[in-house]
Number of protein chains: 2
Amino acid sequence: MRVVTSISEMRKVVEEQRSYGKIVGLVPTMGFFHQGHISLMHAAREECDYVVVSLFVNPTQFAPGEDLEDYPRDLSRDVEMATEAGVDCIFHPPAEDMYMQPYLTYVMVEEITDRLCGASRPGHFRGVATVVAKLFNIIPAHRAYFGLKDAQQVQVIRRMARDLDFDIEVVACPTVRESDGLAMSSRNVYLEPEERKAATVLHRSLQLARKLVAEGERDPEKVTGDMHALIVRESLVEPEYVAAVDWDLLTPLDRLEGWVLFALAARVGKARLIDNALIEVKD
Amino acid sequence: MRVVTSISEMRKVVEEQRSYGKIVGLVPTMGFFHQGHISLMHAAREECDYVVVSLFVNPTQFAPGEDLEDYPRDLSRDVEMATEAGVDCIFHPPAEDMYMQPYLTYVMVEEITDRLCGASRPGHFRGVATVVAKLFNIIPAHRAYFGLKDAQQVQVIRRMARDLDFDIEVVACPTVRESDGLAMSSRNVYLEPEERKAATVLHRSLQLARKLVAEGERDPEKVTGDMHALIVRESLVEPEYVAAVDWDLLTPLDRLEGWVLFALAARVGKARLIDNALIEVKD
């Protein structure tokens, strides 16, 4: 497996593969791989001829005071895991090349970035949309793979790709969970043992939503209220939001119908964790 | 010459040309061609194997109350002129395909869009950067040609292309003028005969700047003050701004040195006209 740090070399690698008629897959990541990342690499490996994983802890998607400095990193372990997963190339550029100063250009997706995580993380999705637009230009892949754990991010990137006419198919892959249901996240390393145990309530609250919907509940506030009540029973878990929104535009719902995203964020110790369930509500 | 209105067909045409190893040139325009546009087509024709001219009156770069509805249009004449200039393909998409509703994504270039025309045309450069990013994705050319008459636009697009890693060389071509010095513009058709005559003062004020700099004047306010005084002697011309700025970031200067952009905008009757001179000030 090849590790490329230069933007111009990365371009050449992809251009060469495309000139051979190869289908190129891109998996954008911030590294510190877990099975969630590996599942994206496997999906890309299955569907593409040449798989590039970008590994870049993107400073513009962290708000001041967030965990940019502390974000876990382990390049040599990541290289091993990506090799094992059959990845062809890791793109690992220095931040000063990605954001050559003065850096002035940002991609903004309106409306769907104001809600859910966007409400408490100002500039976060601006940073995400910007770095993904850059990656799409540096690595003009046929397909790009993202995890549904970051459901809002998936919708922001899909919208951005469609609106700006990127010729890249955005593929969303299912959330990968620990055996007790906790969604895999690089930030789970922040959890102390007691917090780690308490954090499973997030997944349990989503299972509760699924159960209530299956039983016929169609009032979003009833479901999110019950989820919230379940979560706060864990004193180590402090919910930031618990919401039921329309899957397309992430707008609040009066009634549960169609594809509904149940999404939540919570503080557990030092970690801010998110999780969600995408549920088709049929009448 | 081919006229393409479908985004997916346009993509295919360029992809095919690139697969043959052809160098593709793009000339983005809003149509109603004059010799300024033709000079861009000639430059592209000279340097590229396949020349695409996009012709799209982009609604997102007009602020409310501006001349979107009145903007002059003449497709059949444009097609004739482009054919004559040796263009291979005109891309003329419907607005509803370029901005499929709900449309939510915009490209913002900070700082350099706040000044000069950006100060009086809120959202204008956001619209420009957005549509050019879209065109760069639909028509992945090797080179894109823009006129220096819109000097701020050239710098916004250069910055956007560099910051977002578009693999397209932005080529700036000199302003083309009428025999009496008036910069060619599709908006010149708005001028009544007396206004048309008065409007030459804009070019004359830039010649004055060039003369003052050649004589050793290094105070930006002295030069722009004299330009302003010359312009207001024409009662039909109402200057909006007259500025001397650094060419790279369009920041105001304390002293004239290096590459300086003298730029102005003025109302002449129904028209808002702009013009500029890029002058290297050597000591």
# chains A, B, ... in the order shown; residues from 1 in each chain; ligands from 1
>>> interface_residues(of="chain B", to="chain A", cutoff="6 Å", atoms="only C-alpha atoms", output="PyMOL selection string")
chain B and resi 104-110+134+137+160+163-166
>>> residues_around(residues="segment 203-215 of chain B", least_positions_apart="5", cutoff="9 Å", atoms="only C-alpha atoms", output="number ranges by chain")
B: 180-183, 223-224, 226-228, 230-231, 256, 262-264, 275-277, 279, 281
>>> select_by_dssp(residues="segment 101-242 of chain B", states="strand (DSSP E or B)", output="VMD selection string")
chain B and resid 105 to 109 143 to 147 169 to 173 177 183 237 to 242
>>> residues_around(residues="Thr175 of chain B", least_positions_apart="3", cutoff="7 Å", atoms="only C-alpha atoms", output="PyMOL selection string")
chain B and resi 36+147-149+183
>>> write_last_selection(atoms="all heavy atoms", output="mmCIF file, in the first residue's frame")
data_model
loop_
_atom_site.group_PDB
_atom_site.id
_atom_site.type_symbol
_atom_site.label_atom_id
_atom_site.label_comp_id
_atom_site.auth_asym_id
_atom_site.auth_seq_id
_atom_site.Cartn_x
_atom_site.Cartn_y
_atom_site.Cartn_z
ATOM 1 N N GLY B 36 -14.928 41.516 -26.453
ATOM 2 C CA GLY B 36 -14.260 41.019 -25.245
ATOM 3 C C GLY B 36 -14.431 39.513 -25.128
ATOM 4 O O GLY B 36 -13.463 38.773 -24.930
ATOM 5 N N GLY B 147 -12.124 37.544 -18.508
ATOM 6 C CA GLY B 147 -11.642 38.860 -18.920
ATOM 7 C C GLY B 147 -11.232 39.702 -17.726
ATOM 8 O O GLY B 147 -11.903 39.705 -16.692
ATOM 9 N N LEU B 148 -10.128 40.452 -17.887
ATOM 10 C CA LEU B 148 -9.638 41.312 -16.808
ATOM 11 C C LEU B 148 -10.520 42.528 -16.598
ATOM 12 O O LEU B 148 -10.326 43.253 -15.613
ATOM 13 C CB LEU B 148 -8.204 41.751 -17.100
ATOM 14 C CG LEU B 148 -7.137 40.787 -16.569
ATOM 15 C CD1 LEU B 148 -5.761 41.166 -17.080
ATOM 16 C CD2 LEU B 148 -7.144 40.791 -15.030
ATOM 17 N N LYS B 149 -11.479 42.784 -17.474
ATOM 18 C CA LYS B 149 -12.417 43.880 -17.218
ATOM 19 C C LYS B 149 -13.075 43.630 -15.861
ATOM 20 O O LYS B 149 -13.287 44.559 -15.096
ATOM 21 C CB LYS B 149 -13.464 43.945 -18.331
ATOM 22 C CG LYS B 149 -14.046 45.338 -18.511
ATOM 23 C CD LYS B 149 -15.281 45.541 -17.708
ATOM 24 C CE LYS B 149 -16.474 45.104 -18.513
ATOM 25 N NZ LYS B 149 -17.689 45.052 -17.699
ATOM 26 N N ALA B 183 -14.523 50.471 -22.127
ATOM 27 C CA ALA B 183 -14.384 49.018 -22.001
ATOM 28 C C ALA B 183 -15.634 48.341 -22.540
ATOM 29 O O ALA B 183 -16.757 48.772 -22.247
ATOM 30 C CB ALA B 183 -14.182 48.639 -20.532
#
>>> closest_residue(among="A:Ala95, A:Leu116, A:Ala199, A:Val176", to="His37 of chain A", atoms="only C-alpha atoms")
A:Val176
>>> residues_around(residues="Val53 of chain B", least_positions_apart="5", cutoff="8 Å", atoms="only C-alpha atoms", output="JSON, numbers by chain")
{"B": [26, 27, 28, 29, 41, 87, 89, 90, 91]}
>>> write_last_selection(atoms="N, CA and C atoms", output="mmCIF file, in the first residue's frame")
data_model
loop_
_atom_site.group_PDB
_atom_site.id
_atom_site.type_symbol
_atom_site.label_atom_id
_atom_site.label_comp_id
_atom_site.auth_asym_id
_atom_site.auth_seq_id
_atom_site.Cartn_x
_atom_site.Cartn_y
_atom_site.Cartn_z
ATOM 1 N N LEU B 26 -12.370 26.251 -21.408
ATOM 2 C CA LEU B 26 -13.721 26.710 -21.066
ATOM 3 C C LEU B 26 -13.741 28.232 -21.014
ATOM 4 N N VAL B 27 -14.758 28.829 -21.653
ATOM 5 C CA VAL B 27 -14.973 30.273 -21.557
ATOM 6 C C VAL B 27 -16.356 30.488 -20.954
ATOM 7 N N PRO B 28 -16.417 30.774 -19.628
ATOM 8 C CA PRO B 28 -17.725 31.001 -19.004
ATOM 9 C C PRO B 28 -18.230 32.412 -19.348
ATOM 10 N N THR B 29 -19.469 32.492 -19.836
ATOM 11 C CA THR B 29 -20.039 33.803 -20.188
ATOM 12 C C THR B 29 -21.516 33.862 -19.796
ATOM 13 N N MET B 41 -12.522 33.668 -26.540
ATOM 14 C CA MET B 41 -12.694 32.467 -27.381
ATOM 15 C C MET B 41 -11.463 32.252 -28.257
ATOM 16 N N VAL B 87 -15.414 28.184 -31.978
ATOM 17 C CA VAL B 87 -15.794 27.449 -30.765
ATOM 18 C C VAL B 87 -16.377 26.083 -31.151
ATOM 19 N N CYS B 89 -18.266 24.086 -28.921
ATOM 20 C CA CYS B 89 -19.492 23.709 -28.220
ATOM 21 C C CYS B 89 -19.972 24.862 -27.340
ATOM 22 N N ILE B 90 -21.264 25.141 -27.398
ATOM 23 C CA ILE B 90 -21.866 26.087 -26.445
ATOM 24 C C ILE B 90 -22.679 25.274 -25.446
ATOM 25 N N PHE B 91 -22.465 25.565 -24.155
ATOM 26 C CA PHE B 91 -23.262 24.933 -23.094
ATOM 27 C C PHE B 91 -24.255 25.972 -22.599
#
>>> residues_around(residues="Ile168 of chain B", least_positions_apart="2", cutoff="7 Å", atoms="only C-alpha atoms", output="list in words")
Ala141, His142, Arg143, Ala144, Phe166 and Val170 of chain B
>>> select_by_dssp(residues="segment 139-191 of chain B", states="helix (DSSP H, G or I)", output="JSON, numbers by chain")
{"B": [148, 149, 150, 151, 152, 153, 154, 155, 156, 157, 158, 159, 160, 161, 162, 163, 186, 187, 188, 189, 190]}
>>> residues_around(residues="segment 265-270 of chain A", least_positions_apart="2", cutoff="12 Å", atoms="only C-alpha atoms", output="MDAnalysis selection string")
chainID A and resid 66:67 70:71 115:121 149:152 183 187:203 205:206 227:228 231:232 234:243 262:263 272:276
>>> atom_distance(atom1="atom CA of Pro64 of chain B", atom2="atom CA of His124 of chain B")
10.3 Å
>>> atom_distance(atom1="atom CA of Met10 of chain B", atom2="atom CA of Ser54 of chain B")
10.2 Å
